[in-house]
Number of protein chains: 2
Amino acid sequence: MNKKGVLVVVSGFSGAGKGTIMKQLLKEHPDTYGLSISATTRVPRPGEVHGREYFFVSREEFEQMIDKDELIEYAQYVGNYYGTPRNYVFSQLEQGKDVILEIEIQGARKVKENMPDAVLLFVSPPSAAELKRRLVERGTEREAVIASRLSRAWQEAQGVEDYDYFVINDDLEECVQKVHSIIQHEHARTMRNHALIENIKAELKSFAEGE
Amino acid sequence: MNKKGVLVVVSGFSGAGKGTIMKQLLKEHPDTYGLSISATTRVPRPGEVHGREYFFVSREEFEQMIDKDELIEYAQYVGNYYGTPRNYVFSQLEQGKDVILEIEIQGARKVKENMPDAVLLFVSPPSAAELKRRLVERGTEREAVIASRLSRAWQEAQGVEDYDYFVINDDLEECVQKVHSIIQHEHARTMRNHALIENIKAELKSFAEGE
């Protein structure tokens, strides 16, 4: 209907499967979705390529990007900056790609402030017990790690009301379909169809005046 | 996910096919959708049954319903009142049925005022030219009638921005599927899942405190 892409933020509890959902969406619909590439000040790991995994920049360059308002959102983790460059995202949206950002709640809020028509999705297991079960089942995590993840999940849950959609990941394939369908139907939102609506109005007006 | 039904308002240009779309939805998904039955002061036509086509009430009774705030919206046409009784709609929503109201823009606005979580859909042909073509094609309408419908469509178009979704009816079956899908995904809106979210929060809190 409309041509411009939709900016989508996906967040969720660790263990909710949001990473897997995003990979599936990009795999199943490569022409529909575009990836966002983050900028970071951290050092590239072996095999990582500038412009593929990340845009690797210096601390000075990153702070210039902040000053010039070139980032939709950014945050610091363990002494390094991570952020979403506006230009890269915008050019994909203009090409009609729906761009999915996988970020946390603080970043999600900043995106919504900067771009009110972004769609915020929160992915959750069907219950907290199921979240715990999944964390335990991985087997690789020690008890203390699981406890800290659950405590973190509780903190994250406080911000869920700021999201537009709350999507349960019970069955992965069903959840991928649901997220895809939600995003695609967002294209039918009135606010994303101003140009089309204005065209129809103008045409109706000319008919009415022509009679 | 959540159990309560979604209240949906469907409006659209005359000739956009909204009546047909609604009939199809009810036919294809009889357990999902509930119908709203309007109250009216007009005299029943032969074959019309109280509580099936309409709730037929006296002018006095209707005005009492207004005074008691028993109507979600109401309007007058050609000297008669038409309105949507709140109780009937609410009981269906409580039973988990999604209730669709086919009403015009003034009524749609009143519904949104009274029930902010209602979903407003506007159905339109792909263009004004196509709307005109459909009106002409019916063959039964005289030119003056077509002109007045187009002029009315232009007036209606002024309020389209108040709707949540702008749905193009190009192919009927596709449009029915799209409307169905939009309504069903509305159930995943965060604002419709407070109880579930509060449960998960409480459960996470007990895990965090238990550690």
# chains A, B, ... in the order shown; residues from 1 in each chain; ligands from 1
$ residues_around --residues "Val160 (chain B)" --least-positions-apart "2" --cutoff "8 Å" --atoms "only C-alpha atoms" --output "number ranges by chain"
A: 190, 197; B: 122, 156-158, 162-163, 166
$ select_by_dssp --residues "chain B" --states "strand (DSSP E)" --output "PyMOL selection string"
chain B and resi 7-12+33-35+38-40+54-56+71-77+80-85+98-102+119-124+165-168
$ interface_residues --of "chain B" --to "chain A" --cutoff "7 Å" --atoms "only C-alpha atoms" --output "JSON, numbers by chain"
{"B": [127, 128, 147, 150, 151, 154, 157, 161, 163, 164, 165, 166, 167, 182, 185, 188, 189, 190, 200, 201, 203, 204, 205, 208, 211]}
$ atom_distance --atom1 "CA of Ile103 (chain B)" --atom2 "CA of Glu137 (chain B)"
24.5 Å
$ closest_residue --among "A:Glu102, A:Ile72, A:Ser58, A:Asp171" --to "Pro116 (chain A)" --atoms "only C-alpha atoms"
A:Ile72
$ residues_around --residues "Gly79 (chain B)" --least-positions-apart "3" --cutoff "10 Å" --atoms "only C-alpha atoms" --output "ChimeraX atom specification"
/B:41-42,75-76,82
$ residues_around --residues "region 20-32 of chain A" --least-positions-apart "3" --cutoff "10 Å" --atoms "only C-alpha atoms" --output "PyMOL selection string"
chain A and resi 5+10+16-17+35+96-102+123+169+172-173+175-177+179-180+184
$ select_by_dssp --residues "region 15-181 of chain A" --states "alpha helix (DSSP H)" --output "mmCIF file with N, CA and C atoms, in the first residue's frame"
data_model
loop_
_atom_site.group_PDB
_atom_site.id
_atom_site.type_symbol
_atom_site.label_atom_id
_atom_site.label_comp_id
_atom_site.auth_asym_id
_atom_site.auth_seq_id
_atom_site.Cartn_x
_atom_site.Cartn_y
_atom_site.Cartn_z
ATOM 1 N N LYS A 18 14.187 -13.718 20.968
ATOM 2 C CA LYS A 18 14.026 -12.632 20.000
ATOM 3 C C LYS A 18 15.076 -12.665 18.894
ATOM 4 N N GLY A 19 16.290 -13.069 19.249
ATOM 5 C CA GLY A 19 17.345 -13.166 18.236
ATOM 6 C C GLY A 19 16.981 -14.163 17.152
ATOM 7 N N THR A 20 16.481 -15.330 17.576
ATOM 8 C CA THR A 20 16.096 -16.375 16.632
ATOM 9 C C THR A 20 14.934 -15.900 15.753
ATOM 10 N N ILE A 21 13.985 -15.217 16.356
ATOM 11 C CA ILE A 21 12.831 -14.708 15.593
ATOM 12 C C ILE A 21 13.304 -13.770 14.490
ATOM 13 N N MET A 22 14.228 -12.867 14.835
ATOM 14 C CA MET A 22 14.717 -11.911 13.850
ATOM 15 C C MET A 22 15.470 -12.588 12.721
ATOM 16 N N LYS A 23 16.296 -13.557 13.078
ATOM 17 C CA LYS A 23 17.037 -14.287 12.033
ATOM 18 C C LYS A 23 16.075 -14.980 11.084
ATOM 19 N N GLN A 24 15.026 -15.590 11.639
ATOM 20 C CA GLN A 24 14.039 -16.279 10.803
ATOM 21 C C GLN A 24 13.327 -15.313 9.864
ATOM 22 N N LEU A 25 12.955 -14.130 10.393
ATOM 23 C CA LEU A 25 12.252 -13.131 9.567
ATOM 24 C C LEU A 25 13.109 -12.724 8.375
ATOM 25 N N LEU A 26 14.395 -12.469 8.643
ATOM 26 C CA LEU A 26 15.297 -12.026 7.580
ATOM 27 C C LEU A 26 15.537 -13.148 6.577
ATOM 28 N N LYS A 27 15.558 -14.379 7.067
ATOM 29 C CA LYS A 27 15.789 -15.527 6.196
ATOM 30 C C LYS A 27 14.572 -15.790 5.308
ATOM 31 N N GLU A 28 13.379 -15.730 5.920
ATOM 32 C CA GLU A 28 12.154 -16.057 5.179
ATOM 33 C C GLU A 28 11.682 -14.926 4.274
ATOM 34 N N ARG A 59 36.250 6.409 19.782
ATOM 35 C CA ARG A 59 35.438 7.102 20.781
ATOM 36 C C ARG A 59 35.147 8.542 20.338
ATOM 37 N N GLU A 60 36.152 9.173 19.752
ATOM 38 C CA GLU A 60 35.986 10.551 19.296
ATOM 39 C C GLU A 60 34.936 10.629 18.180
ATOM 40 N N GLU A 61 35.060 9.701 17.226
ATOM 41 C CA GLU A 61 34.086 9.680 16.128
ATOM 42 C C GLU A 61 32.661 9.446 16.651
ATOM 43 N N PHE A 62 32.552 8.501 17.621
ATOM 44 C CA PHE A 62 31.224 8.200 18.168
ATOM 45 C C PHE A 62 30.623 9.442 18.828
ATOM 46 N N GLU A 63 31.455 10.145 19.588
ATOM 47 C CA GLU A 63 30.929 11.329 20.289
ATOM 48 C C GLU A 63 30.574 12.454 19.324
ATOM 49 N N GLN A 64 31.271 12.500 18.194
ATOM 50 C CA GLN A 64 30.870 13.450 17.145
ATOM 51 C C GLN A 64 29.502 13.076 16.577
ATOM 52 N N MET A 65 29.285 11.748 16.394
ATOM 53 C CA MET A 65 27.981 11.295 15.900
ATOM 54 C C MET A 65 26.864 11.691 16.869
ATOM 55 N N ILE A 66 27.148 11.565 18.181
ATOM 56 C CA ILE A 66 26.154 11.995 19.186
ATOM 57 C C ILE A 66 25.881 13.487 19.032
ATOM 58 N N ASP A 67 26.973 14.287 18.965
ATOM 59 C CA ASP A 67 26.812 15.744 18.888
ATOM 60 C C ASP A 67 26.030 16.162 17.646
ATOM 61 N N ARG A 86 21.433 6.822 12.218
ATOM 62 C CA ARG A 86 20.190 7.263 11.600
ATOM 63 C C ARG A 86 20.204 7.086 10.072
ATOM 64 N N ASN A 87 21.289 7.526 9.423
ATOM 65 C CA ASN A 87 21.338 7.513 7.954
ATOM 66 C C ASN A 87 21.135 6.140 7.364
ATOM 67 N N TYR A 88 21.810 5.167 7.954
ATOM 68 C CA TYR A 88 21.750 3.811 7.423
ATOM 69 C C TYR A 88 20.316 3.281 7.510
ATOM 70 N N VAL A 89 19.687 3.509 8.683
ATOM 71 C CA VAL A 89 18.302 3.064 8.877
ATOM 72 C C VAL A 89 17.367 3.795 7.912
ATOM 73 N N PHE A 90 17.524 5.128 7.822
ATOM 74 C CA PHE A 90 16.634 5.926 6.975
ATOM 75 C C PHE A 90 16.716 5.510 5.515
ATOM 76 N N SER A 91 17.925 5.243 5.027
ATOM 77 C CA SER A 91 18.049 4.901 3.607
ATOM 78 C C SER A 91 17.348 3.578 3.321
ATOM 79 N N GLN A 92 17.369 2.653 4.301
ATOM 80 C CA GLN A 92 16.660 1.383 4.091
ATOM 81 C C GLN A 92 15.148 1.576 4.144
ATOM 82 N N LEU A 93 14.693 2.425 5.072
ATOM 83 C CA LEU A 93 13.249 2.704 5.159
ATOM 84 C C LEU A 93 12.767 3.344 3.854
ATOM 85 N N GLU A 94 13.584 4.259 3.324
ATOM 86 C CA GLU A 94 13.216 4.941 2.073
ATOM 87 C C GLU A 94 13.130 3.965 0.913
ATOM 88 N N ILE A 105 15.231 -1.703 26.490
ATOM 89 C CA ILE A 105 14.145 -0.768 26.754
ATOM 90 C C ILE A 105 14.558 0.709 26.707
ATOM 91 N N GLN A 106 15.734 1.050 27.255
ATOM 92 C CA GLN A 106 16.142 2.467 27.222
ATOM 93 C C GLN A 106 16.263 2.933 25.776
ATOM 94 N N GLY A 107 16.904 2.099 24.950
ATOM 95 C CA GLY A 107 17.054 2.420 23.529
ATOM 96 C C GLY A 107 15.709 2.487 22.840
ATOM 97 N N ALA A 108 14.820 1.539 23.180
ATOM 98 C CA ALA A 108 13.491 1.495 22.582
ATOM 99 C C ALA A 108 12.743 2.805 22.850
ATOM 100 N N ARG A 109 12.843 3.277 24.092
ATOM 101 C CA ARG A 109 12.167 4.539 24.437
ATOM 102 C C ARG A 109 12.724 5.711 23.640
ATOM 103 N N LYS A 110 14.055 5.726 23.463
ATOM 104 C CA LYS A 110 14.665 6.822 22.700
ATOM 105 C C LYS A 110 14.221 6.779 21.238
ATOM 106 N N VAL A 111 14.119 5.569 20.684
ATOM 107 C CA VAL A 111 13.661 5.428 19.302
ATOM 108 C C VAL A 111 12.250 5.992 19.165
ATOM 109 N N LYS A 112 11.377 5.645 20.102
ATOM 110 C CA LYS A 112 9.986 6.101 20.043
ATOM 111 C C LYS A 112 9.905 7.623 20.169
ATOM 112 N N GLU A 113 10.771 8.205 21.002
ATOM 113 C CA GLU A 113 10.820 9.667 21.129
ATOM 114 C C GLU A 113 11.221 10.323 19.817
ATOM 115 N N ASN A 114 12.262 9.748 19.206
ATOM 116 C CA ASN A 114 12.794 10.309 17.962
ATOM 117 C C ASN A 114 11.894 10.027 16.775
ATOM 118 N N ALA A 128 6.592 -16.695 33.462
ATOM 119 C CA ALA A 128 7.904 -16.551 34.071
ATOM 120 C C ALA A 128 8.494 -17.935 34.372
ATOM 121 N N ALA A 129 7.614 -18.878 34.729
ATOM 122 C CA ALA A 129 8.085 -20.247 35.000
ATOM 123 C C ALA A 129 8.740 -20.835 33.746
ATOM 124 N N GLU A 130 8.131 -20.557 32.596
ATOM 125 C CA GLU A 130 8.678 -21.054 31.333
ATOM 126 C C GLU A 130 10.005 -20.366 31.017
ATOM 127 N N LEU A 131 10.107 -19.087 31.319
ATOM 128 C CA LEU A 131 11.382 -18.375 31.125
ATOM 129 C C LEU A 131 12.475 -19.041 31.969
ATOM 130 N N LYS A 132 12.159 -19.307 33.225
ATOM 131 C CA LYS A 132 13.116 -19.948 34.131
ATOM 132 C C LYS A 132 13.510 -21.331 33.593
ATOM 133 N N ARG A 133 12.506 -22.092 33.159
ATOM 134 C CA ARG A 133 12.744 -23.435 32.635
ATOM 135 C C ARG A 133 13.724 -23.379 31.444
ATOM 136 N N ARG A 134 13.505 -22.386 30.546
ATOM 137 C CA ARG A 134 14.374 -22.274 29.371
ATOM 138 C C ARG A 134 15.807 -21.925 29.775
ATOM 139 N N LEU A 135 15.929 -21.042 30.760
ATOM 140 C CA LEU A 135 17.273 -20.646 31.219
ATOM 141 C C LEU A 135 17.982 -21.848 31.852
ATOM 142 N N VAL A 136 17.249 -22.609 32.643
ATOM 143 C CA VAL A 136 17.827 -23.791 33.301
ATOM 144 C C VAL A 136 18.197 -24.841 32.260
ATOM 145 N N GLU A 137 17.313 -25.012 31.267
ATOM 146 C CA GLU A 137 17.470 -26.071 30.272
ATOM 147 C C GLU A 137 18.732 -25.890 29.425
ATOM 148 N N GLU A 143 23.830 -21.426 38.500
ATOM 149 C CA GLU A 143 22.658 -20.933 39.232
ATOM 150 C C GLU A 143 22.676 -19.431 39.447
ATOM 151 N N ALA A 144 23.858 -18.921 39.769
ATOM 152 C CA ALA A 144 23.964 -17.484 40.042
ATOM 153 C C ALA A 144 23.623 -16.676 38.792
ATOM 154 N N VAL A 145 24.026 -17.198 37.626
ATOM 155 C CA VAL A 145 23.743 -16.508 36.354
ATOM 156 C C VAL A 145 22.245 -16.509 36.100
ATOM 157 N N ILE A 146 21.616 -17.669 36.321
ATOM 158 C CA ILE A 146 20.168 -17.766 36.129
ATOM 159 C C ILE A 146 19.443 -16.795 37.050
ATOM 160 N N ALA A 147 19.872 -16.743 38.297
ATOM 161 C CA ALA A 147 19.248 -15.826 39.264
ATOM 162 C C ALA A 147 19.375 -14.385 38.790
ATOM 163 N N SER A 148 20.564 -14.032 38.276
ATOM 164 C CA SER A 148 20.765 -12.636 37.871
ATOM 165 C C SER A 148 19.948 -12.331 36.600
ATOM 166 N N ARG A 149 19.783 -13.320 35.737
ATOM 167 C CA ARG A 149 18.948 -13.125 34.534
ATOM 168 C C ARG A 149 17.483 -12.920 34.908
ATOM 169 N N LEU A 150 17.018 -13.693 35.891
ATOM 170 C CA LEU A 150 15.621 -13.572 36.321
ATOM 171 C C LEU A 150 15.382 -12.224 36.996
ATOM 172 N N SER A 151 16.374 -11.805 37.770
ATOM 173 C CA SER A 151 16.253 -10.517 38.443
ATOM 174 C C SER A 151 16.251 -9.391 37.395
ATOM 175 N N ARG A 152 17.085 -9.554 36.374
ATOM 176 C CA ARG A 152 17.127 -8.595 35.285
ATOM 177 C C ARG A 152 15.804 -8.585 34.503
ATOM 178 N N ALA A 153 15.253 -9.773 34.290
ATOM 179 C CA ALA A 153 13.967 -9.884 33.598
ATOM 180 C C ALA A 153 12.886 -9.129 34.353
ATOM 181 N N TRP A 154 12.943 -9.219 35.672
ATOM 182 C CA TRP A 154 11.948 -8.520 36.479
ATOM 183 C C TRP A 154 12.073 -7.004 36.271
ATOM 184 N N GLN A 155 13.345 -6.531 36.222
ATOM 185 C CA GLN A 155 13.547 -5.100 35.956
ATOM 186 C C GLN A 155 13.017 -4.710 34.582
ATOM 187 N N GLU A 156 13.346 -5.538 33.576
ATOM 188 C CA GLU A 156 12.904 -5.240 32.209
ATOM 189 C C GLU A 156 11.377 -5.200 32.110
ATOM 190 N N ALA A 157 10.734 -6.088 32.877
ATOM 191 C CA ALA A 157 9.272 -6.194 32.825
ATOM 192 C C ALA A 157 8.595 -4.888 33.234
ATOM 193 N N LEU A 172 7.992 -21.374 18.190
ATOM 194 C CA LEU A 172 8.833 -20.430 17.452
ATOM 195 C C LEU A 172 8.250 -20.058 16.092
ATOM 196 N N GLU A 173 7.875 -21.056 15.296
ATOM 197 C CA GLU A 173 7.418 -20.774 13.938
ATOM 198 C C GLU A 173 6.140 -19.924 13.950
ATOM 199 N N GLU A 174 5.238 -20.261 14.877
ATOM 200 C CA GLU A 174 4.007 -19.463 15.024
ATOM 201 C C GLU A 174 4.328 -18.025 15.402
ATOM 202 N N CYS A 175 5.310 -17.881 16.281
ATOM 203 C CA CYS A 175 5.672 -16.548 16.759
ATOM 204 C C CYS A 175 6.285 -15.712 15.628
ATOM 205 N N VAL A 176 7.119 -16.344 14.813
ATOM 206 C CA VAL A 176 7.721 -15.651 13.664
ATOM 207 C C VAL A 176 6.613 -15.173 12.722
ATOM 208 N N GLN A 177 5.639 -16.038 12.460
ATOM 209 C CA GLN A 177 4.527 -15.673 11.586
ATOM 210 C C GLN A 177 3.730 -14.512 12.163
ATOM 211 N N LYS A 178 3.540 -14.558 13.475
ATOM 212 C CA LYS A 178 2.761 -13.523 14.134
ATOM 213 C C LYS A 178 3.473 -12.175 14.065
ATOM 214 N N VAL A 179 4.767 -12.180 14.370
ATOM 215 C CA VAL A 179 5.537 -10.934 14.317
ATOM 216 C C VAL A 179 5.538 -10.382 12.896
ATOM 217 N N HIS A 180 5.732 -11.259 11.918
ATOM 218 C CA HIS A 180 5.710 -10.838 10.513
ATOM 219 C C HIS A 180 4.364 -10.201 10.163
ATOM 220 N N SER A 181 3.298 -10.854 10.568
ATOM 221 C CA SER A 181 1.962 -10.384 10.243
ATOM 222 C C SER A 181 1.656 -9.042 10.934
#
$ atom_distance --atom1 "CA of Gly51 (chain A)" --atom2 "CA of Leu7 (chain A)"
19.8 Å
